[in-house]
file protein-v3.txt (compact mmCIF, C-alpha atoms)
# COMPACT_ATOMS: atom_id res chain seq x y z
CA MET H 283 172.61 62.09 148.65
CA VAL H 284 170.26 62.79 145.77
CA SER H 285 170.89 65.18 142.88
CA SER H 286 169.37 65.96 139.52
CA ARG H 287 171.19 67.14 136.40
CA HIS H 288 169.06 68.06 133.42
CA GLY H 289 171.94 67.65 131.00
CA PHE H 290 171.97 63.94 131.81
CA ARG H 291 168.18 63.51 132.11
CA ARG H 292 168.72 61.27 135.11
CA LEU H 293 168.46 61.35 138.87
CA GLY H 294 171.66 60.34 140.59
CA VAL H 295 171.41 58.61 143.93
CA LEU H 296 174.60 58.15 145.88
CA ALA H 297 174.08 55.16 148.13
CA VAL H 298 177.32 55.81 149.99
CA LEU H 299 179.35 58.98 150.48
CA VAL H 300 182.75 58.29 152.00
CA LEU H 301 184.81 61.22 153.26
CA ALA H 302 188.53 60.63 153.61
CA SER H 303 189.86 62.09 156.89
CA GLY H 304 187.24 64.83 156.88
CA LEU H 305 188.51 66.28 153.60
CA ALA H 306 186.00 67.82 151.22
CA SER H 307 187.30 65.64 148.39
CA GLY H 308 185.63 62.34 149.22
CA CYS H 309 185.11 59.09 147.40
CA LEU H 310 181.71 58.23 145.95
CA ALA H 311 180.49 54.67 145.68
CA ASN H 312 177.40 52.84 144.41
CA VAL H 313 175.98 55.52 142.13
CA THR H 314 172.64 54.51 140.60
CA LEU H 315 170.92 56.54 137.87
CA TYR H 316 167.13 56.76 137.40
CA ALA H 317 165.32 58.29 134.41
CA VAL H 318 163.13 61.16 135.60
CA GLY H 319 162.34 63.19 132.47
CA GLU H 320 163.98 65.54 129.97
CA ARG H 321 164.85 68.43 132.33
CA PRO H 322 164.83 67.60 136.05
CA VAL H 323 165.09 71.00 137.76
CA ALA H 324 164.02 70.42 141.38
CA VAL H 325 164.23 67.49 143.77
CA THR H 326 162.89 66.82 147.28
CA LEU H 327 162.47 63.94 149.71
CA LEU H 328 159.21 62.93 151.38
CA ASP H 329 157.47 59.84 152.74
CA ALA H 330 154.82 59.64 150.02
CA ASN H 331 153.47 56.20 150.90
CA GLY H 332 153.73 56.27 154.71
CA ASP H 333 156.27 53.44 155.01
CA ALA H 334 158.80 55.53 157.01
CA ARG H 335 161.28 55.52 154.08
CA SER H 336 162.33 58.61 152.14
CA ASP H 337 160.84 58.70 148.66
CA VAL H 338 162.08 61.06 145.94
CA ALA H 339 160.07 63.65 143.98
CA VAL H 340 161.57 65.34 140.91
CA LEU H 341 160.08 68.19 138.86
CA ASP H 342 160.56 67.84 135.10
CA ALA H 343 160.54 71.29 133.46
CA THR H 344 159.94 69.90 129.97
CA THR H 345 156.69 68.06 130.70
CA HIS H 346 155.71 70.17 133.73
CA THR H 347 155.13 67.00 135.72
CA VAL H 348 156.48 65.56 138.96
CA LYS H 349 158.01 62.09 139.05
CA VAL H 350 157.83 60.26 142.39
CA LEU H 351 160.09 57.28 143.02
CA ALA H 352 159.23 55.25 146.13
CA GLN H 353 162.12 53.83 148.09
CA GLU H 354 161.93 50.06 148.28
CA GLU H 355 163.23 47.80 151.02
CA GLY H 356 166.99 47.70 150.63
CA GLY H 357 167.22 51.30 149.42
CA SER H 358 166.62 51.03 145.67
CA LEU H 359 163.89 53.13 144.05
CA ALA H 360 160.76 51.81 142.34
CA ALA H 361 159.75 52.92 138.84
CA ALA H 362 158.57 56.52 138.76
CA ILE H 363 154.90 57.47 138.91
CA THR H 364 153.81 60.79 137.39
CA LEU H 365 151.86 63.57 139.12
CA HIS H 366 150.20 66.34 137.11
CA PRO H 367 150.19 69.94 138.42
CA GLN H 368 147.51 72.27 137.05
CA ALA H 369 147.84 72.83 133.30
CA PHE H 370 149.68 76.03 132.30
CA SER H 371 150.74 76.71 135.92
CA GLY H 372 154.47 76.54 135.04
CA PRO H 373 155.63 74.54 138.08
CA SER H 374 159.08 75.69 139.21
CA ASP H 375 159.91 73.95 142.52
CA VAL H 376 158.84 71.13 144.86
CA ALA H 377 159.00 70.61 148.63
CA GLY H 378 158.39 67.50 150.70
CA GLY H 379 157.95 67.26 154.44
CA VAL H 380 154.56 68.93 154.22
CA THR H 381 151.39 67.50 155.76
CA ASP H 382 147.79 68.44 155.22
CA GLY H 383 145.56 69.38 158.15
CA SER H 384 145.06 65.72 159.16
CA GLY H 385 148.77 64.80 159.13
CA VAL H 386 148.71 63.07 155.72
CA PRO H 387 152.03 63.46 153.82
CA ALA H 388 151.82 66.05 151.06
CA LEU H 389 153.99 67.43 148.29
CA ALA H 390 153.99 71.19 147.63
CA VAL H 391 154.58 72.51 144.10
CA ALA H 392 155.31 76.20 143.38
CA GLU H 393 153.16 77.28 140.42
CA PRO H 394 154.07 80.81 139.31
CA GLY H 395 151.79 80.70 136.25
CA ALA H 396 148.78 80.19 138.53
CA ASP H 397 149.93 82.41 141.45
CA ARG H 398 149.65 79.53 143.89
CA VAL H 399 151.19 76.50 145.58
CA GLY H 400 149.60 73.19 144.59
CA LEU H 401 149.38 70.30 147.07
CA PHE H 402 149.38 66.58 146.33
CA THR H 403 148.25 64.07 148.97
CA SER H 404 147.52 61.28 146.48
CA PHE H 405 150.55 59.54 145.02
CA GLU H 406 148.93 57.30 142.42
CA ASP H 407 150.21 57.39 138.84
CA GLY H 408 148.42 60.17 136.98
CA ALA H 409 147.18 61.93 140.14
CA VAL H 410 146.25 65.62 140.05
CA GLU H 411 146.48 68.17 142.85
CA THR H 412 144.34 67.56 145.90
CA SER H 413 144.20 71.25 146.87
CA SER H 414 146.08 74.51 146.49
CA ILE H 415 146.97 77.71 148.32
CA ALA H 416 146.19 80.86 146.33
CA LEU H 417 148.80 83.59 146.87
CA GLY H 418 147.18 86.46 144.99
CA ALA H 419 147.47 87.91 141.52
CA GLY H 420 151.03 88.61 140.43
CA SER H 421 152.68 86.69 143.29
CA ALA H 422 154.21 84.10 140.90
CA PRO H 423 155.95 81.89 143.51
CA GLN H 424 159.25 80.55 142.14
CA ALA H 425 160.35 78.45 145.12
CA VAL H 426 158.75 76.54 147.96
CA ALA H 427 160.15 75.09 151.21
CA ALA H 428 158.69 73.29 154.20
CA ALA H 429 159.44 73.76 157.90
CA ASP H 430 157.64 73.49 161.25
CA VAL H 431 157.85 77.21 162.04
CA ASN H 432 155.55 77.13 165.07
CA GLY H 433 157.02 73.98 166.63
CA ASP H 434 153.80 71.98 166.84
CA GLY H 435 155.27 68.92 165.14
call {"tool": "encode", "arguments": {"input": "protein-v3.txt", "output": "C-alpha cells"}}
result
Amino acid sequence: MVSSRHGFRRLGVLAVLVLASGLASGCLANVTLYAVGERPVAVTLLDANGDARSDVAVLDATTHTVKVLAQEEGGSLAAAITLHPQAFSGPSDVAGGVTDGSGVPALAVAEPGADRVGLFTSFEDGAVETSSIALGAGSAPQAVAAADVNGDG
C-alpha cells in the first residue's frame, strides 16, 4: 500500500497490511516514510526502469514536479529522482502503467494549464517530457488514468 499526505510532506509505504479475521480494522506494520516534496497530491505505480518491480511516482503540487522512487531489491525505495513537466502547465495528476508505441514504460501527467497530457519515457534525474498528447483548447485535463481498453496487451 502506498499513500501520500501533503500535511506530512512524506510518502508512506506500508510494507505489510495485516487484516484481523477479515475485519476492516487491521493492523499496520513496517511503515516507512520517504520525503517527496512539500505537497504530494497524486501517486501512481509503474515499472520505470524495466526491472519488473513497482516503482513509485508522486506529483508535488508546490514545485510542479514528479518524484520517482525506484524499488530496490528487498522492497525499499531508492532516493527520489525529479522529472519536470512543461513549465506553467499546472500538473494535477499522474498515471503509470502506460507504454509508448514501442512498449517502453511511460508516465502520463495531466497538465490542465497546457490542455494536454505529458508523457515521460526517460526516468533520469532532471528529465523533461518525451512527448505529449494535445487535447484541444479549454480541455484542461484534471485527472489521468491508464487501462488496456482494447485488450491488445
call {"tool": "atom_distance", "arguments": {"input": "protein-v3.txt", "atom1": "CA of Val386 in chain H", "atom2": "CA of Tyr316 in chain H"}}
result
26.7 Å
call {"tool": "closest_atom_pairs", "arguments": {"input": "protein-v3.txt", "of": "range 334-375 of chain H", "to": "range 398-421 of chain H", "cutoff": "12 Å", "atoms": "only C-alpha atoms", "output": "CSV"}}
result
residue,atom,partner,partner_atom,distance
H:Asp337,CA,H:Phe405,CA,10.9
H:Val338,CA,H:Phe405,CA,11.7
H:Ala339,CA,H:Phe405,CA,10.4
H:Thr347,CA,H:Gly408,CA,9.7
H:Val348,CA,H:Gly408,CA,9.9
H:Lys349,CA,H:Asp407,CA,9.1
H:Val350,CA,H:Phe405,CA,7.8
H:Leu351,CA,H:Phe405,CA,10.0
H:Ala352,CA,H:Phe405,CA,9.7
H:Ala361,CA,H:Asp407,CA,10.5
H:Ala362,CA,H:Asp407,CA,8.4
H:Ile363,CA,H:Asp407,CA,4.7
H:Thr364,CA,H:Asp407,CA,5.2
H:Leu365,CA,H:Ala409,CA,5.1
H:His366,CA,H:Val410,CA,5.0
H:Pro367,CA,H:Glu411,CA,6.0
H:Gln368,CA,H:Glu411,CA,7.2
H:Ala369,CA,H:Val410,CA,10.0
H:Ser371,CA,H:Arg398,CA,8.5
H:Gly372,CA,H:Arg398,CA,10.5
H:Pro373,CA,H:Val399,CA,8.9
H:Ser374,CA,H:Val399,CA,10.2
H:Asp375,CA,H:Val399,CA,9.6
call {"tool": "atom_distance", "arguments": {"input": "protein-v3.txt", "atom1": "CA of Arg321 in chain H", "atom2": "CA of Asp342 in chain H"}}
result
5.1 Å
call {"tool": "residues_around", "arguments": {"input": "protein-v3.txt", "residues": "Ala425 in chain H", "least_positions_apart": "4", "cutoff": "9 Å", "atoms": "all atoms listed in the file", "output": "list in words"}}
result
Ser374, Asp375, Val376, Ala377, Val391, Ala392, Glu393 and Pro394 of chain H
call {"tool": "closest_residue", "arguments": {"input": "protein-v3.txt", "among": "H:Pro322, H:Val426, H:Leu327, H:Ala360", "to": "Ala343 in chain H", "atoms": "only C-alpha atoms"}}
result
H:Pro322
call {"tool": "atom_distance", "arguments": {"input": "protein-v3.txt", "atom1": "CA of His346 in chain H", "atom2": "CA of Ser358 in chain H"}}
result
25.1 Å
